[in-house]
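What follows is the content of my_file26.cif (mmCIF, C-alpha atoms and all ligand atoms).
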```
data_final
loop_
_atom_site.label_atom_id
_atom_site.label_comp_id
_atom_site.auth_asym_id
_atom_site.auth_seq_id
_atom_site.Cartn_x
_atom_site.Cartn_y
_atom_site.Cartn_z
CA MET A 197 9.96 -11.46 -18.61
CA LEU A 198 9.59 -7.89 -19.78
CA ARG A 199 8.21 -5.54 -17.16
CA ILE A 200 6.56 -2.67 -18.97
CA GLY A 201 3.68 -0.32 -18.30
CA TYR A 202 2.30 3.19 -18.36
CA HIS A 203 1.75 5.98 -15.95
CA VAL A 204 -1.97 5.51 -15.27
CA SER A 205 -4.64 7.60 -13.56
CA ILE A 206 -5.65 7.04 -9.91
CA SER A 207 -8.98 8.81 -10.45
CA GLY A 208 -11.74 7.47 -8.19
CA SER A 209 -9.59 5.20 -6.05
CA MET A 210 -5.89 4.21 -6.07
CA ASP A 211 -6.68 0.58 -6.86
CA LEU A 212 -8.59 1.51 -10.04
CA ALA A 213 -5.18 2.37 -11.51
CA LEU A 214 -4.38 -1.33 -11.46
CA ASP A 215 -7.57 -2.19 -13.36
CA ARG A 216 -6.69 0.44 -15.96
CA ALA A 217 -3.17 -0.96 -16.20
CA ARG A 218 -4.32 -4.55 -16.57
CA GLU A 219 -6.79 -3.64 -19.28
CA ILE A 220 -4.03 -2.40 -21.59
CA GLY A 221 -1.58 -5.19 -20.76
CA CYS A 222 0.83 -3.53 -18.31
CA THR A 223 3.12 -5.77 -16.26
CA CYS A 224 4.35 -2.87 -14.12
CA VAL A 225 2.87 0.55 -13.46
CA GLN A 226 3.43 4.12 -12.32
CA VAL A 227 0.98 6.28 -10.37
CA PHE A 228 0.86 9.57 -8.52
CA PRO A 229 0.33 9.20 -4.75
CA SER A 230 -2.44 11.82 -4.89
CA ASN A 231 -3.62 14.72 -7.07
CA PRO A 232 -0.35 15.85 -8.71
CA ARG A 233 -1.42 19.50 -8.74
CA SER A 234 -2.20 19.86 -5.07
CA TRP A 235 0.04 20.07 -2.00
CA SER A 236 -1.89 17.89 0.37
CA ALA A 237 -2.78 14.29 -0.31
CA ARG A 238 -6.37 13.11 -0.08
CA GLU A 239 -6.78 10.57 2.70
CA MET A 240 -7.34 7.09 1.37
CA GLN A 241 -10.80 5.60 1.88
CA GLU A 242 -11.29 2.65 4.15
CA GLY A 243 -10.04 -0.49 2.40
CA GLU A 244 -8.42 1.41 -0.47
CA ALA A 245 -4.85 0.35 0.32
CA GLU A 246 -5.95 -3.24 0.96
CA ARG A 247 -7.74 -3.36 -2.39
CA PHE A 248 -4.63 -1.98 -4.05
CA ARG A 249 -2.40 -4.66 -2.52
CA ALA A 250 -4.83 -7.44 -3.35
CA LYS A 251 -5.19 -6.40 -6.99
CA GLN A 252 -1.47 -5.90 -7.41
CA LYS A 253 -0.93 -9.48 -6.35
CA ALA A 254 -3.85 -10.93 -8.31
CA TYR A 255 -2.89 -9.13 -11.54
CA ASN A 256 0.85 -9.71 -11.04
CA ILE A 257 1.68 -6.08 -11.78
CA SER A 258 5.10 -5.31 -10.35
CA PRO A 259 6.93 -3.16 -9.53
CA VAL A 260 4.66 -0.27 -8.65
CA PHE A 261 6.39 3.08 -9.10
CA VAL A 262 4.98 6.07 -7.26
CA HIS A 263 5.93 9.39 -8.87
CA MET A 264 6.14 12.56 -6.77
CA PRO A 265 3.50 15.22 -7.55
CA TYR A 266 4.47 18.35 -9.53
CA LEU A 267 4.49 21.09 -6.89
CA PRO A 268 7.26 19.99 -4.49
CA ASN A 269 10.72 21.41 -5.24
CA LEU A 270 13.47 19.77 -3.21
CA ALA A 271 16.04 22.30 -4.45
CA SER A 272 14.02 25.41 -3.65
CA PRO A 273 15.90 28.22 -1.86
CA LYS A 274 12.57 29.37 -0.37
CA GLU A 275 12.47 27.87 3.09
CA ASP A 276 8.66 27.43 3.24
CA VAL A 277 8.54 25.68 -0.16
CA TYR A 278 11.51 23.51 0.80
CA ARG A 279 9.87 22.40 4.09
CA LYS A 280 6.55 21.71 2.33
CA SER A 281 8.42 19.69 -0.29
CA ILE A 282 10.07 17.49 2.33
CA ALA A 283 6.68 16.99 4.01
CA ALA A 284 5.22 15.99 0.63
CA MET A 285 8.03 13.48 0.11
CA ILE A 286 7.33 11.96 3.54
CA GLU A 287 3.63 11.69 2.67
CA ALA A 288 4.51 10.02 -0.62
CA LEU A 289 6.81 7.56 1.14
CA GLU A 290 4.08 6.70 3.62
CA ARG A 291 1.68 6.13 0.74
CA CYS A 292 4.26 3.85 -0.95
CA ASN A 293 4.44 1.75 2.18
CA ALA A 294 0.67 1.64 2.65
CA LEU A 295 0.24 0.44 -0.94
CA GLY A 296 3.21 -1.91 -0.91
CA ALA A 297 4.89 0.09 -3.68
CA LYS A 298 8.62 -0.41 -3.85
CA TYR A 299 9.81 2.80 -5.47
CA LEU A 300 9.30 6.53 -5.15
CA ILE A 301 10.53 8.49 -8.17
CA VAL A 302 11.63 12.04 -7.42
CA HIS A 303 12.62 15.02 -9.54
CA LEU A 304 15.52 16.99 -8.14
CA GLY A 305 13.81 20.30 -8.75
CA SER A 306 14.95 23.78 -9.60
CA HIS A 307 17.46 25.90 -7.69
CA LEU A 308 15.65 29.00 -9.05
CA GLY A 309 18.88 30.82 -9.72
CA SER A 310 20.49 30.19 -6.32
CA GLY A 311 23.16 28.05 -7.99
CA VAL A 312 23.88 24.44 -8.78
CA GLU A 313 25.89 23.73 -5.64
CA ALA A 314 23.20 25.10 -3.32
CA GLY A 315 20.59 23.07 -5.20
CA ARG A 316 22.57 19.83 -4.91
CA GLU A 317 23.11 20.42 -1.21
CA ARG A 318 19.39 21.00 -0.51
CA VAL A 319 18.24 17.98 -2.48
CA SER A 320 20.66 15.59 -0.81
CA ALA A 321 19.94 17.03 2.66
CA ALA A 322 16.21 16.53 2.03
CA ILE A 323 16.67 12.89 1.07
CA ASN A 324 18.95 12.28 4.06
CA GLU A 325 16.31 13.83 6.30
CA VAL A 326 13.53 11.42 5.27
CA GLU A 327 15.53 8.27 6.04
CA LYS A 328 13.36 7.19 8.96
CA HIS A 329 10.24 7.35 6.77
CA MET A 330 11.62 5.09 4.02
CA GLY A 331 10.09 1.84 5.30
CA ASN A 332 10.55 -0.67 2.48
CA ALA A 333 10.66 1.99 -0.22
CA THR A 334 13.60 3.06 -2.34
CA ILE A 335 13.92 6.57 -3.77
CA LEU A 336 14.86 6.81 -7.44
CA LEU A 337 16.42 10.08 -8.58
CA GLU A 338 15.19 10.98 -12.06
CA ASN A 339 17.45 12.74 -14.55
CA GLU A 340 16.06 16.03 -15.86
CA ALA A 341 15.82 17.41 -19.40
CA GLY A 342 17.94 20.46 -18.57
CA GLN A 343 15.35 23.21 -18.26
CA ARG A 344 16.72 26.50 -16.90
CA ASN A 345 17.95 26.17 -13.28
CA SER A 346 17.02 22.49 -13.07
CA VAL A 347 19.11 20.19 -10.92
CA GLY A 348 20.11 16.74 -12.16
CA SER A 349 20.25 16.89 -15.95
CA LYS A 350 23.97 16.15 -16.09
CA LEU A 351 25.03 12.67 -15.10
CA ASP A 352 27.92 13.74 -12.88
CA GLU A 353 25.43 15.93 -11.01
CA LEU A 354 23.19 12.93 -10.36
CA THR A 355 26.04 10.77 -9.10
CA ASP A 356 27.33 13.64 -6.98
CA ILE A 357 23.92 13.94 -5.28
CA TYR A 358 23.76 10.16 -4.92
CA ASN A 359 27.14 10.18 -3.17
CA ARG A 360 25.96 12.79 -0.67
CA ILE A 361 23.04 10.60 0.41
CA GLU A 362 24.06 8.69 3.50
CA HIS A 363 21.48 5.91 3.44
CA LYS A 364 21.56 3.51 0.53
CA HIS A 365 17.81 3.20 -0.17
CA VAL A 366 18.37 5.16 -3.33
CA GLY A 367 18.98 4.63 -7.04
CA PHE A 368 18.19 6.21 -10.41
CA CYS A 369 15.30 6.47 -12.82
CA LEU A 370 16.68 7.01 -16.31
CA ASP A 371 14.32 8.96 -18.57
CA THR A 372 15.35 8.47 -22.21
CA CYS A 373 13.67 11.67 -23.43
CA HIS A 374 15.29 13.75 -20.69
CA VAL A 375 18.79 12.34 -21.19
CA PHE A 376 18.54 13.03 -24.94
CA ALA A 377 17.20 16.54 -24.31
CA ALA A 378 20.12 17.10 -21.93
CA GLY A 379 22.55 16.44 -24.79
CA TYR A 380 23.43 12.75 -24.47
CA ASP A 381 22.98 11.10 -27.85
CA ILE A 382 21.93 7.65 -26.65
CA ARG A 383 21.37 6.58 -30.28
CA LYS A 384 25.16 6.17 -30.32
CA GLU A 385 26.59 3.14 -28.59
CA GLU A 386 29.54 4.90 -26.96
CA VAL A 387 27.32 7.61 -25.46
CA ALA A 388 24.75 5.08 -24.27
CA ARG A 389 27.56 3.14 -22.65
CA GLU A 390 28.87 6.25 -20.90
CA VAL A 391 25.38 7.01 -19.54
CA VAL A 392 24.86 3.51 -18.18
CA GLU A 393 28.36 3.19 -16.75
CA THR A 394 28.16 6.56 -15.01
CA LEU A 395 24.84 5.77 -13.33
CA GLY A 396 25.71 2.10 -12.79
CA ILE A 397 23.50 -0.59 -14.25
CA ASP A 398 22.65 -2.01 -10.81
CA ARG A 399 21.56 1.39 -9.52
CA ILE A 400 19.05 1.95 -12.34
CA GLY A 401 15.67 0.91 -10.89
CA CYS A 402 13.46 2.15 -13.71
CA ILE A 403 13.63 3.36 -17.29
CA HIS A 404 11.17 6.05 -18.33
CA LEU A 405 10.74 5.03 -21.93
CA ASN A 406 9.86 8.23 -23.76
CA ASP A 407 10.85 9.45 -27.21
CA ALA A 408 11.79 13.13 -27.58
CA LYS A 409 9.80 15.72 -29.52
CA HIS A 410 12.75 18.08 -29.87
CA PRO A 411 16.33 17.65 -31.14
CA LEU A 412 19.35 16.48 -29.16
CA GLY A 413 20.32 18.94 -26.42
CA SER A 414 17.09 20.97 -26.65
CA GLY A 415 16.70 21.09 -22.86
CA LEU A 416 12.97 20.62 -23.40
CA ASP A 417 10.86 18.08 -21.52
CA ARG A 418 8.44 17.15 -24.33
CA HIS A 419 7.73 13.47 -24.76
CA ALA A 420 6.89 11.81 -28.09
CA ASP A 421 5.43 8.36 -28.69
CA ILE A 422 8.10 5.65 -28.99
CA GLY A 423 9.50 5.58 -32.50
CA PHE A 424 7.87 8.88 -33.50
CA GLY A 425 10.38 11.27 -31.98
CA ARG A 426 14.02 12.27 -32.44
CA ILE A 427 15.41 9.13 -30.78
CA GLY A 428 13.41 6.88 -33.10
CA LYS A 429 13.03 3.15 -33.29
CA LYS A 430 16.56 2.59 -34.57
CA GLY A 431 17.96 4.79 -31.83
CA PHE A 432 16.15 2.78 -29.15
CA GLU A 433 17.32 -0.50 -30.66
CA GLU A 434 20.90 0.73 -30.46
CA PHE A 435 20.42 1.90 -26.88
CA PHE A 436 18.87 -1.37 -25.71
CA SER A 437 21.61 -3.47 -27.23
CA LEU A 438 23.67 -2.59 -24.13
CA PRO A 439 23.72 -5.46 -21.62
CA GLY A 440 21.27 -5.31 -18.73
CA LEU A 441 19.06 -2.50 -20.02
CA ARG A 442 16.22 -4.45 -21.59
CA GLU A 443 15.78 -6.35 -18.30
CA LYS A 444 14.90 -3.14 -16.44
CA PRO A 445 11.26 -2.28 -15.69
CA MET A 446 10.05 0.36 -18.13
CA ILE A 447 7.35 3.01 -17.85
CA LEU A 448 5.92 4.95 -20.78
CA GLU A 449 4.90 8.46 -19.81
CA THR A 450 2.92 9.60 -22.82
CA PRO A 451 -0.59 10.66 -21.80
CA LEU A 452 -3.41 8.16 -22.12
CA VAL A 453 -6.23 10.43 -21.05
CA GLU A 454 -5.67 13.73 -22.87
CA THR A 455 -4.62 11.90 -26.05
CA PRO A 456 -6.38 8.54 -26.17
CA LYS A 457 -4.40 6.01 -28.18
CA ASP A 458 -3.97 2.32 -28.80
CA ALA A 459 -1.89 1.68 -25.68
CA ALA A 460 -2.04 -2.11 -25.95
CA GLY A 461 -0.83 -1.83 -29.55
CA GLU A 462 2.02 0.43 -28.52
CA LEU A 463 3.10 -2.00 -25.79
CA SER A 464 3.23 -4.88 -28.25
CA MET A 465 5.24 -2.73 -30.69
CA VAL A 466 7.75 -2.02 -27.93
CA ARG A 467 7.89 -5.72 -27.01
CA LYS A 468 8.83 -6.47 -30.60
CA MET A 469 11.35 -3.67 -30.69
CA LEU A 470 13.02 -5.17 -27.61
CA ASN A 471 12.92 -8.69 -29.04
CA TYR A 472 10.49 -10.03 -26.47
CA ALA A 473 7.86 -11.12 -28.97
MN MN A 501 9.31 12.30 -13.94
MN MN A 502 10.12 10.76 -16.66
ZN ZN A 503 9.51 14.29 -18.92
#
```

Take the structure in the file and write it out as structure tokens.
Amino acid sequence: MLRIGYHVSISGSMDLALDRAREIGCTCVQVFPSNPRSWSAREMQEGEAERFRAKQKAYNISPVFVHMPYLPNLASPKEDVYRKSIAAMIEALERCNALGAKYLIVHLGSHLGSGVEAGRERVSAAINEVEKHMGNATILLENEAGQRNSVGSKLDELTDIYNRIEHKHVGFCLDTCHVFAAGYDIRKEEVAREVVETLGIDRIGCIHLNDAKHPLGSGLDRHADIGFGRIGKKGFEEFFSLPGLREKPMILETPLVETPKDAAGELSMVRKMLNYA
């Protein structure tokens, strides 16, 4: 069975995200743990987590991916920002466990000019530090598009950080737009194979299924609708011909609120593209 869904809004109450997801035909889902533009998480209302768990079960939407908010930077050389970022990751992990969400997706952040090695060291130290807050959650490290000073756009960088993490509640989230923007032409079989073999098929917990607005190697994190970007439908078909990939849960991260679209129609197009329908 194909597990596919969108990043949906948690506006009003966390559990409403599941109603929004069900309405458009999602079989898995991604949410923020709280307002993505604020440092501190709103407390959940009484019964909110219970409603979330009950609906998740009733609607059979699984897995639930929680995506870290935008402000934390786990590679920041500024001590106060770094400490706040670790605290935010702990809060997000606690929210995962309250909701029964299996995965927390994290960006590796920006070293802000302090250097790649320093950035890698801070990110892996941060993830080592939160071990006792993991509960049943697994952290997925997301590859970046390669914006200036970003950590984790190159695959060897991701595996290097992975290897420095001492606990094994960790894997990868592979974003197709980001990997293409970082210069890996996944429309070509040999490159796609290199990407998957470097990360390890069993360590990939999620695919962020986004097309890319800009050309190969642009370094720009601008998502396009599937089939309407530079990767294109043919490019995705080539990519997903690799064994094991089309069985991974997939999340589309094109906005549903700012740009309303026929989400259910897009999901059935992707199902066809992946030979599920
Ligand atoms: Mn992301
Ligand atoms: Mn992504
Ligand atoms: Zn992105």

With 4 Å on each side, where is the centre of the axis-aligned box around all listed atoms of segment 348-354 of chain A, and how long are its edges in Å to one decimal, as JSON?
```
{"center_x": 24.0, "center_y": 14.8, "center_z": -13.2, "size_x": 15.8, "size_y": 12.2, "size_z": 13.7}
```

Which one is closest to ligand MN 501 (chain A): A:Ala377, A:Leu354, A:Leu448, A:Val319? Count all atoms listed in the file.
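Among A:Ala377, A:Leu354, A:Leu448, A:Val319, it is A:Leu448 that comes nearest to ligand MN 501 (chain A).
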
Compute the set of protein, DNA and RNA residues whose minimum atom distance to ligand ZN 503 (chain A) is at most 10 Å, using all atoms listed in the file, and state it as a short mmCIF file (atom, residue, chain, number, x, y, z; two decimals) with C-alpha atoms, in the coordinates of the input.
```
data_model
loop_
_atom_site.label_atom_id
_atom_site.label_comp_id
_atom_site.auth_asym_id
_atom_site.auth_seq_id
_atom_site.Cartn_x
_atom_site.Cartn_y
_atom_site.Cartn_z
CA HIS A 303 12.62 15.02 -9.54
CA GLU A 338 15.19 10.98 -12.06
CA ASN A 339 17.45 12.74 -14.55
CA GLU A 340 16.06 16.03 -15.86
CA ALA A 341 15.82 17.41 -19.40
CA ASP A 371 14.32 8.96 -18.57
CA THR A 372 15.35 8.47 -22.21
CA CYS A 373 13.67 11.67 -23.43
CA HIS A 374 15.29 13.75 -20.69
CA VAL A 375 18.79 12.34 -21.19
CA ALA A 377 17.20 16.54 -24.31
CA HIS A 404 11.17 6.05 -18.33
CA LEU A 405 10.74 5.03 -21.93
CA ASN A 406 9.86 8.23 -23.76
CA ASP A 407 10.85 9.45 -27.21
CA ALA A 408 11.79 13.13 -27.58
CA LEU A 416 12.97 20.62 -23.40
CA ASP A 417 10.86 18.08 -21.52
CA ARG A 418 8.44 17.15 -24.33
CA HIS A 419 7.73 13.47 -24.76
CA ALA A 420 6.89 11.81 -28.09
CA GLU A 449 4.90 8.46 -19.81
CA THR A 450 2.92 9.60 -22.82
#
```

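Between atom CA of Asp421 of chain A and atom CA of Lys409 of chain A the separation is 8.6 Å.
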
Atom pair atom CA of Phe228 of chain A / atom CA of Tyr266 of chain A: separation (Å):
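Computing the Euclidean distance for atom CA of Phe228 of chain A and atom CA of Tyr266 of chain A yields 9.5 Å.
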